[in-house]
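Structure data (PDB, C-alpha atoms) from target-v8.pdb:
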ATOM      1  CA  MET A 426      71.092 -73.873 -73.336
ATOM      2  CA  ILE A 427      68.707 -71.976 -75.652
ATOM      3  CA  ASN A 428      68.323 -75.002 -77.921
ATOM      4  CA  LYS A 429      67.688 -77.236 -74.917
ATOM      5  CA  GLY A 430      64.939 -74.868 -73.724
ATOM      6  CA  ILE A 431      63.301 -74.801 -77.155
ATOM      7  CA  ARG A 432      63.458 -78.605 -77.412
ATOM      8  CA  SER A 433      61.943 -78.931 -73.943
ATOM      9  CA  LEU A 434      58.934 -76.869 -75.036
ATOM     10  CA  LEU A 435      58.599 -78.791 -78.306
ATOM     11  CA  GLU A 436      58.560 -82.070 -76.361
ATOM     12  CA  ARG A 437      55.495 -80.689 -74.522
ATOM     13  CA  ASN A 438      53.849 -79.857 -77.882
ATOM     14  CA  ILE A 439      54.381 -76.137 -77.237
ATOM     15  CA  ILE A 440      55.735 -74.152 -80.190
ATOM     16  CA  PRO A 441      57.585 -71.148 -78.777
ATOM     17  CA  ASN A 442      57.482 -67.865 -80.705
ATOM     18  CA  VAL A 443      59.065 -65.325 -78.322
ATOM     19  CA  MET A 444      62.408 -65.064 -76.577
ATOM     20  CA  LEU A 445      63.247 -62.360 -74.040
ATOM     21  CA  MET A 446      66.989 -61.809 -73.656
ATOM     22  CA  PRO A 447      69.118 -59.902 -71.143
ATOM     23  CA  ILE A 448      70.891 -57.084 -72.958
ATOM     24  CA  GLU A 449      74.289 -58.099 -71.600
ATOM     25  CA  LEU A 450      74.113 -61.232 -73.791
ATOM     26  CA  HIS A 451      73.536 -59.221 -76.990
ATOM     27  CA  THR A 452      77.058 -59.364 -78.446
ATOM     28  CA  ASP A 453      77.679 -63.042 -77.653
ATOM     29  CA  PHE A 454      74.204 -63.997 -78.889
ATOM     30  CA  ILE A 455      74.634 -62.184 -82.216
ATOM     31  CA  MET A 456      78.083 -63.714 -82.737
ATOM     32  CA  HIS A 457      76.755 -67.229 -82.049
ATOM     33  CA  TYR A 458      73.341 -67.072 -83.763
ATOM     34  CA  ASN A 459      73.825 -64.447 -86.507
ATOM     35  CA  ASP A 460      73.428 -66.994 -89.320
ATOM     36  CA  LYS A 461      70.090 -68.087 -87.793
ATOM     37  CA  LEU A 462      68.664 -64.585 -87.374
ATOM     38  CA  ASP A 463      66.298 -63.124 -89.942
ATOM     39  CA  TRP A 464      66.938 -59.389 -90.096
ATOM     40  CA  SER A 465      64.688 -58.837 -93.149
ATOM     41  CA  ILE A 466      61.814 -57.615 -91.008
ATOM     42  CA  ASP A 467      61.917 -54.212 -89.313
ATOM     43  CA  ALA A 468      62.048 -55.401 -85.708
ATOM     44  CA  PRO A 469      62.443 -57.546 -83.732
ATOM     45  CA  PRO A 470      64.678 -60.058 -85.505
ATOM     46  CA  LEU A 471      63.495 -63.655 -85.836
ATOM     47  CA  LEU A 472      65.627 -66.482 -84.518
ATOM     48  CA  LYS A 473      65.111 -69.557 -86.686
ATOM     49  CA  GLU A 474      66.061 -72.458 -84.456
ATOM     50  CA  GLU A 475      64.838 -76.020 -83.915
ATOM     51  CA  GLY A 476      62.114 -75.479 -86.558
ATOM     52  CA  CYS A 477      60.685 -72.454 -84.711
ATOM     53  CA  ASN A 478      60.610 -68.739 -85.481
ATOM     54  CA  LEU A 479      61.138 -66.776 -82.286
ATOM     55  CA  LYS A 480      60.852 -62.994 -82.035
ATOM     56  CA  VAL A 481      63.822 -61.811 -79.976
ATOM     57  CA  PHE A 482      63.223 -58.931 -77.564
ATOM     58  CA  TRP A 483      66.074 -57.393 -75.575
ATOM     59  CA  SER A 484      65.957 -55.995 -72.070
ATOM     60  CA  ASN A 485      67.473 -52.604 -71.286
ATOM     61  CA  LYS A 486      68.784 -50.749 -68.261
ATOM     62  CA  TYR A 487      65.249 -49.608 -67.384
ATOM     63  CA  ALA A 488      63.739 -53.091 -67.707
ATOM     64  CA  PRO A 489      66.532 -55.541 -66.855
ATOM     65  CA  LEU A 490      66.316 -59.318 -67.101
ATOM     66  CA  LYS A 491      68.316 -61.858 -65.132
ATOM     67  CA  SER A 492      67.113 -64.821 -67.174
ATOM     68  CA  ILE A 493      66.400 -65.868 -70.743
ATOM     69  CA  MET A 494      62.699 -66.510 -71.227
ATOM     70  CA  ILE A 495      61.288 -68.577 -74.074
ATOM     71  CA  PHE A 496      57.547 -69.041 -74.508
ATOM     72  CA  ASP A 497      54.486 -69.299 -76.724
ATOM     73  CA  SER A 498      52.874 -65.859 -76.587
ATOM     74  CA  ASN A 499      49.525 -67.398 -77.555
ATOM     75  CA  ALA A 500      49.443 -69.692 -74.509
ATOM     76  CA  GLY A 501      48.890 -66.894 -72.021
ATOM     77  CA  ILE A 502      46.867 -63.767 -71.461
ATOM     78  CA  TRP A 503      48.177 -60.285 -72.247
ATOM     79  CA  HIS A 504      46.906 -57.546 -69.941
ATOM     80  CA  VAL A 505      47.225 -53.855 -70.797
ATOM     81  CA  LEU A 506      47.149 -51.513 -67.835
ATOM     82  CA  GLY A 507      45.742 -48.026 -68.100
ATOM     83  CA  ASP A 508      47.711 -44.974 -67.012
ATOM     84  CA  LYS A 509      47.060 -44.269 -63.314
ATOM     85  CA  ASN A 510      46.309 -40.598 -63.973
ATOM     86  CA  THR A 511      44.396 -40.678 -67.268
ATOM     87  CA  GLU A 512      43.159 -44.311 -67.401
ATOM     88  CA  ASN A 513      44.205 -44.350 -71.080
ATOM     89  CA  ASN A 514      45.856 -47.505 -72.425
ATOM     90  CA  ILE A 515      48.375 -45.590 -74.542
ATOM     91  CA  THR A 516      50.473 -42.605 -73.516
ATOM     92  CA  PHE A 517      51.653 -40.256 -76.275
ATOM     93  CA  ALA A 518      53.921 -37.256 -75.790
ATOM     94  CA  ILE A 519      55.404 -34.916 -78.375
ATOM     95  CA  GLY A 520      57.846 -32.054 -78.024
ATOM     96  CA  GLU A 521      60.847 -30.242 -79.440
ATOM     97  CA  SER A 522      63.856 -32.467 -80.034
ATOM     98  CA  GLU A 523      67.204 -31.782 -78.421
ATOM     99  CA  GLN A 524      68.806 -32.745 -81.761
ATOM    100  CA  GLY A 525      68.127 -29.448 -83.452
ATOM    101  CA  LYS A 526      65.727 -26.635 -84.082
ATOM    102  CA  GLY A 527      62.662 -27.599 -86.046
ATOM    103  CA  LYS A 528      62.920 -31.306 -85.158
ATOM    104  CA  ILE A 529      60.439 -33.085 -82.941
ATOM    105  CA  ALA A 530      60.745 -35.897 -80.447
ATOM    106  CA  TYR A 531      57.932 -38.222 -79.464
ATOM    107  CA  PHE A 532      57.180 -40.990 -77.015
ATOM    108  CA  VAL A 533      54.499 -43.642 -77.280
ATOM    109  CA  GLY A 534      54.145 -46.229 -74.566
ATOM    110  CA  THR A 535      51.871 -48.690 -72.878
ATOM    111  CA  LEU A 536      52.203 -50.929 -69.871
ATOM    112  CA  ALA A 537      51.397 -54.578 -70.428
ATOM    113  CA  TYR A 538      52.106 -57.816 -68.684
ATOM    114  CA  TYR A 539      51.838 -61.422 -69.735
ATOM    115  CA  HIS A 540      50.133 -63.991 -67.537
ATOM    116  CA  ALA A 541      51.402 -67.481 -68.391
ATOM    117  CA  ALA A 542      48.088 -69.318 -68.087
ATOM    118  CA  ASN A 543      49.814 -72.581 -68.976
ATOM    119  CA  LYS A 544      53.049 -72.765 -66.967
ATOM    120  CA  ASN A 545      54.282 -75.558 -69.266
ATOM    121  CA  SER A 546      54.404 -73.075 -72.174
ATOM    122  CA  PHE A 547      57.182 -71.072 -70.545
ATOM    123  CA  ILE A 548      60.898 -71.784 -70.023
ATOM    124  CA  LYS A 549      63.108 -69.628 -67.821
ATOM    125  CA  ILE A 550      66.863 -70.089 -68.187
ATOM    126  CA  ARG A 551      68.671 -68.509 -65.264
ATOM    127  CA  LEU A 552      72.015 -66.954 -66.025
ATOM    128  CA  SER A 553      74.949 -68.139 -63.995
ATOM    129  CA  ARG A 554      77.026 -65.259 -62.683
TER
END
As structure tokens, how would this structure be written, given the file I've shared?
Amino acid sequence: MINKGIRSLLERNIIPNVMLMPIELHTDFIMHYNDKLDWSIDAPPLLKEEGCNLKVFWSNKYAPLKSIMIFDSNAGIWHVLGDKNTENNITFAIGESEQGKGKIAYFVGTLAYYHAANKNSFIKIRLSR
């Protein structure tokens, strides 16, 4: 189904470069596509499939996905939202780590959303449950 989605975009002259995956597919995906994943970069891994290099991003329990999404990140508009309280685009927090005395923990985050300006540049594969 992933290959079919990629081919569908390629037939529209859209070269996808991002794939968003539900975390519950992680193990099966790695087992099936491991030989096509490039782990030489820090993160995220690249899936080399159908002549495309797709960055694979996984959902998590705080940001779940119910579908696989494949798209060209350059065919839309990325919007970064400022923090409601500070109006800053990036939130940074630092503090003492729970892992031991003298260690620090930090958090850096931003809130962004992607507007698919060209709906043909986006494939959504619904998972059957």
Exercise. Do you know which residues are at most 8 Å from region 505-511 of chain A counting all atoms listed in the file, after dropping those on the same chain fewer than 6 positions away, and could you put them as a VMD selection string?
Worked result: chain A and resid 535 to 538
Using only C-alpha atoms, please write the residues we just selected to a file, as an mmCIF file, in the frame of the given file.
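part.cif, written as the output of this step:
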data_model
loop_
_atom_site.group_PDB
_atom_site.id
_atom_site.type_symbol
_atom_site.label_atom_id
_atom_site.label_comp_id
_atom_site.auth_asym_id
_atom_site.auth_seq_id
_atom_site.Cartn_x
_atom_site.Cartn_y
_atom_site.Cartn_z
ATOM 1 C CA THR A 535 51.871 -48.690 -72.878
ATOM 2 C CA LEU A 536 52.203 -50.929 -69.871
ATOM 3 C CA ALA A 537 51.397 -54.578 -70.428
ATOM 4 C CA TYR A 538 52.106 -57.816 -68.684
#
Exercise. Mind pulling up the distance from CA of Lys473 (chain A) to CA of Ile448 (chain A)?
Worked result: 19.4 Å
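Minimum atom-to-atom distances from A:Lys480, A:Leu552, A:Lys461, A:Glu474 to Leu435 (chain A) were compared using all atoms listed in the file, and the lowest value belongs to A:Glu474.
With CA of Phe496 (chain A) on one side and CA of Asp460 (chain A) on the other, the separation reads 21.8 Å.
Within the 9 Å cut-off around Asn442 (chain A), using only C-alpha atoms and omitting residues fewer than 5 positions from it on the same chain, the listed residues are Leu471, Cys477, Asn478, Leu479, Lys480, Val481, Ile495, Phe496, Asp497, Ser498 and Asn499 of chain A.
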Exercise. So which one's closest to Arg432 (chain A), A:Ile493, A:Asn545, A:Glu475, A:Gly501? Using only C-alpha atoms, please.
Worked result: A:Glu475
For this session: Output the residue selection produced by the PyMOL selection byres ((chain A and resi 469) around 9) on the file above, formatted as number ranges by chain.
Result: A: 464, 466-468, 470-471, 480-483
Exercise. So which one's closest to Pro447 (chain A), A:Ile515, A:Leu472, A:Val533, A:Met494? Using all atoms listed in the file, please.
Worked result: A:Met494
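Across the structure, CA of His504 (chain A) and CA of Ser484 (chain A) are spaced 19.2 Å apart.
Close contacts of Ala530 (chain A), defined as residues with an atom at most 7 Å away when counting all atoms listed in the file, with chain neighbours fewer than 2 positions off set aside, comprise A:Ile519, A:Gly520, A:Glu521, A:Ser522, A:Lys528.
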Write the residues you've just listed into a file as an mmCIF file, keeping the file's coordinate frame, and include C-alpha atoms for each of them.
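part_13.cif, written as the output of this step:
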data_model
loop_
_atom_site.group_PDB
_atom_site.id
_atom_site.type_symbol
_atom_site.label_atom_id
_atom_site.label_comp_id
_atom_site.auth_asym_id
_atom_site.auth_seq_id
_atom_site.Cartn_x
_atom_site.Cartn_y
_atom_site.Cartn_z
ATOM 1 C CA ILE A 519 55.404 -34.916 -78.375
ATOM 2 C CA GLY A 520 57.846 -32.054 -78.024
ATOM 3 C CA GLU A 521 60.847 -30.242 -79.440
ATOM 4 C CA SER A 522 63.856 -32.467 -80.034
ATOM 5 C CA LYS A 528 62.920 -31.306 -85.158
#
Residues within 9 Å of Phe517 (chain A), all atoms listed in the file, excluding chain neighbours under 4 positions, as a PDB file with C-alpha atoms, in the coordinates of the input:
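Output (out_28.pdb):
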ATOM      1  CA  TYR A 531      57.932 -38.222 -79.464  1.00  0.00           C
ATOM      2  CA  PHE A 532      57.180 -40.990 -77.015  1.00  0.00           C
ATOM      3  CA  VAL A 533      54.499 -43.642 -77.280  1.00  0.00           C
ATOM      4  CA  GLY A 534      54.145 -46.229 -74.566  1.00  0.00           C
TER       5      GLY A 534
END
